[in-house]
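Okay, structure first, notes after.
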Amino acid sequence: MIEMQDIWKTYADGTHALRGVSVRIDRNEFVYLVGPSGAGKSTFMKLIYREEVPTKGQISVNGFNVGRLKQRKIPYVRRNIGVVFQDFRLLPNLTAFENIAFAMEVIEAPRKLIKRRVSEVLDLVGLKSKANSLPAQLSGGEQQRISIARAIVNNPSVIVADEPTGNLDPETSWGIMNLLEEINFRGTTIIMATHNKEIVNTIRKRVIAIEGGQIVRDQVRGDYGYDI
């Protein structure tokens with residue numbers, strides 16, 4: 001599914017974001033990425049969906065060496081990777097339905113399929129009644145659910161979630177976690193960066209801890225292990 005072999009990432013300013021990272025994440029896993037701010041978690045995830053490329057080493061996602069992909073092939077790989085951000089990144093002038101549909105329109109999906117599939121994912125995230133609402137008319141939790149619906153609408157094999165509960169209150173955060181668990185149960189691999197110790201220690205999954213650009217712990221059903 002996802003395999004990194006001796007991955008190094010050095011930015012133009014000389015920052016070594018990742019140092020010799022090797023790891024494998026199998027299909028249907030749910031993995032937390034934990035560690036201090038600036039540890040390299042965001043870079044780790046950006047490499048997966050090809051927003052960044054490694055300075056050294058090889059990363060494969062679904063059998064593709066994403067670090068060496070030609071530009072024209074990047075959209076095809078990204079169709080199988082959904083991304084969820086802490087700040088939602090919804091288009092403010094589009095309704096909830098239109099924000100989700102946009103992810104299918106860019107891959108030129110048929111209009112009938114878009115209508116049916118968007119309705120399905122709105123139902124899954126519990127927001128069918130909000131289909132015609134603009135982002136500004138939604139709560140933070142509802143916006144994040146729409147963001148998740150957009151990420152899964154093309155049936156990706158992998159979801160990469162960067163602090164998806166970071167801007168949410170505790171009760172809403174648990175609802176988002178229950179939704180991500182349900183998506184994982186349906187067969188999607190989840191990779192989630194988080195600083196939320198309570199979530200990690202309560203909903204036990206595999207924990208990969210990164211510090212100083214290196215994996216310092218990789219534990220099945222581990223705990224957070226850091227002070228916040």
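In the structure tokens, each chain is lettered A, B, ... as it comes, each chain's residues begin at 1, and ligands are numbered from 1 in order of appearance.
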Checklist entry - Excluding same-chain residues fewer than 3 positions from Phe88 (chain A), what lies within 8 Å of it counting only C-alpha atoms, as JSON, numbers by chain? => result {"A": [84, 85, 143, 144, 147]}
Output of the above residues as a PDB file, in the first residue's frame, restricted to N, CA and C atoms:
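Saved file selection.pdb follows:
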ATOM      1  N   VAL A  84      -7.674  15.478   4.113  1.00  0.00           N
ATOM      2  CA  VAL A  84      -8.510  16.249   5.033  1.00  0.00           C
ATOM      3  C   VAL A  84      -7.599  17.186   5.813  1.00  0.00           C
ATOM      4  N   PHE A  85      -7.948  18.476   5.816  1.00  0.00           N
ATOM      5  CA  PHE A  85      -7.112  19.481   6.460  1.00  0.00           C
ATOM      6  C   PHE A  85      -7.746  20.003   7.747  1.00  0.00           C
ATOM      7  N   GLN A 143     -18.480  21.661   8.782  1.00  0.00           N
ATOM      8  CA  GLN A 143     -17.531  21.928   7.691  1.00  0.00           C
ATOM      9  C   GLN A 143     -16.505  20.804   7.567  1.00  0.00           C
ATOM     10  N   GLN A 144     -16.056  20.286   8.716  1.00  0.00           N
ATOM     11  CA  GLN A 144     -15.080  19.198   8.647  1.00  0.00           C
ATOM     12  C   GLN A 144     -15.715  17.931   8.089  1.00  0.00           C
ATOM     13  N   SER A 147     -15.724  18.357   4.480  1.00  0.00           N
ATOM     14  CA  SER A 147     -14.353  18.139   4.005  1.00  0.00           C
ATOM     15  C   SER A 147     -14.042  16.653   3.887  1.00  0.00           C
TER      16      SER A 147
END
May I have all residues of region 66-176 of chain A that DSSP, computed from the backbone, assigns to alpha helix (DSSP H), given as a ChimeraX atom specification?
/A:74-78,96-105,111-124,140-152,170-176
Exercise: region 160-162 of chain A partners within 7 Å, only C-alpha atoms, chain neighbours under 4 positions left out, as JSON, numbers by chain: {"A": [45, 82, 83, 84, 85, 86, 190, 191, 192, 193]}
If you take only C-alpha atoms and a cut-off of 9 Å, which residues of region 36-84 of chain A touch region 14-27 of chain A, and what are their nearest atom pairs and distances in Å to one decimal, in chain and number order, as CSV?
residue,atom,partner,partner_atom,distance
A:Gly38,CA,A:Ala17,CA,7.9
A:Ala39,CA,A:Ala17,CA,7.2
A:Gly40,CA,A:Ala17,CA,5.1
A:Lys41,CA,A:Ala17,CA,8.7
A:Thr43,CA,A:Ala17,CA,6.8
A:Phe44,CA,A:Leu18,CA,7.5
A:Pro54,CA,A:Leu18,CA,8.8
A:Lys56,CA,A:Gly20,CA,8.5
A:Gly57,CA,A:Gly20,CA,7.9
What is the distance between CA of Arg217 (chain A) and CA of Asn184 (chain A), in Å to one decimal?
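Between these atoms lies a distance of 22.6 Å.
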| Which is closer to Tyr49 (chain A) than all the others in A:Gly35, A:Ile159, A:Ile208, A:Arg116, using only C-alpha atoms? |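 For Tyr49 (chain A), the nearest of the given residues is A:Ile159.
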Nearest to Lys9 (chain A), restricted to only C-alpha atoms and choosing among A:Ile59, A:Ala149, A:Val34, A:Ile203, comes out as A:Ile59
**Item:** Proximity to Ile7 (chain A) - best of A:Asn132, A:Asn28, A:Gln71, A:Ser60, only C-alpha atoms
**Value:**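 Using only C-alpha atoms, Ile7 (chain A) sits closest to A:Ser60.
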Quiz item: Could you name the residues that touch Phe97 (chain A) at 10 Å or less, counting only C-alpha atoms, but leaving out those on the same chain fewer than 5 positions away, as a VMD selection string?
Solution: chain A and resid 102 114 to 115 118 to 119 121 to 122 127 to 128 130 to 134 146 149 to 150
Within 9 Å of Pro92 (chain A), counting only C-alpha atoms, which residues qualify if same-chain residues fewer than 4 places away don't, as a ChimeraX atom specification? /A:99,134-136
May I have the selected residues written with N, CA and C atoms, as a PDB file, in the first residue's frame?
ATOM      1  N   ASN A  99     -19.276  21.719  -3.169  1.00  0.00           N
ATOM      2  CA  ASN A  99     -17.900  21.495  -2.727  1.00  0.00           C
ATOM      3  C   ASN A  99     -17.501  20.039  -2.904  1.00  0.00           C
ATOM      4  N   LEU A 134     -24.083  27.030   2.412  1.00  0.00           N
ATOM      5  CA  LEU A 134     -22.724  27.507   2.165  1.00  0.00           C
ATOM      6  C   LEU A 134     -21.858  27.221   3.397  1.00  0.00           C
ATOM      7  N   PRO A 135     -20.542  27.123   3.227  1.00  0.00           N
ATOM      8  CA  PRO A 135     -19.674  26.853   4.387  1.00  0.00           C
ATOM      9  C   PRO A 135     -19.899  27.804   5.562  1.00  0.00           C
ATOM     10  N   ALA A 136     -20.133  29.073   5.293  1.00  0.00           N
ATOM     11  CA  ALA A 136     -20.333  30.050   6.366  1.00  0.00           C
ATOM     12  C   ALA A 136     -21.593  29.777   7.176  1.00  0.00           C
TER      13      ALA A 136
END
*Please run DSSP on the backbone and report, as a PyMOL selection string, all residues within region 180-223 of chain A that come out as strand (DSSP E or B).*
chain A and resi 189-193+206-211+214-219
Dump of C-alpha atoms for the selected residues, as a short mmCIF file (atom, residue, chain, number, x, y, z; two decimals), in the first residue's frame:
data_model
loop_
_atom_site.label_atom_id
_atom_site.label_comp_id
_atom_site.auth_asym_id
_atom_site.auth_seq_id
_atom_site.Cartn_x
_atom_site.Cartn_y
_atom_site.Cartn_z
CA THR A 189 -6.55 3.26 4.99
CA ILE A 190 -6.41 6.25 7.38
CA ILE A 191 -3.22 8.17 8.21
CA MET A 192 -3.93 10.89 10.76
CA ALA A 193 -1.54 13.42 12.25
CA ARG A 206 -1.12 1.95 15.39
CA VAL A 207 1.04 4.91 16.49
CA ILE A 208 4.05 6.15 14.54
CA ALA A 209 5.97 8.74 16.56
CA ILE A 210 8.24 11.16 14.70
CA GLU A 211 10.84 13.37 16.33
CA GLN A 214 13.03 10.32 12.39
CA ILE A 215 10.65 7.58 13.46
CA VAL A 216 11.37 7.02 17.15
CA ARG A 217 8.49 4.62 17.84
CA ASP A 218 6.18 2.43 15.77
CA GLN A 219 3.70 0.63 17.97
#
CA of Glu52 (chain A) sits from CA of Glu98 (chain A) at a separation of 28.1 Å
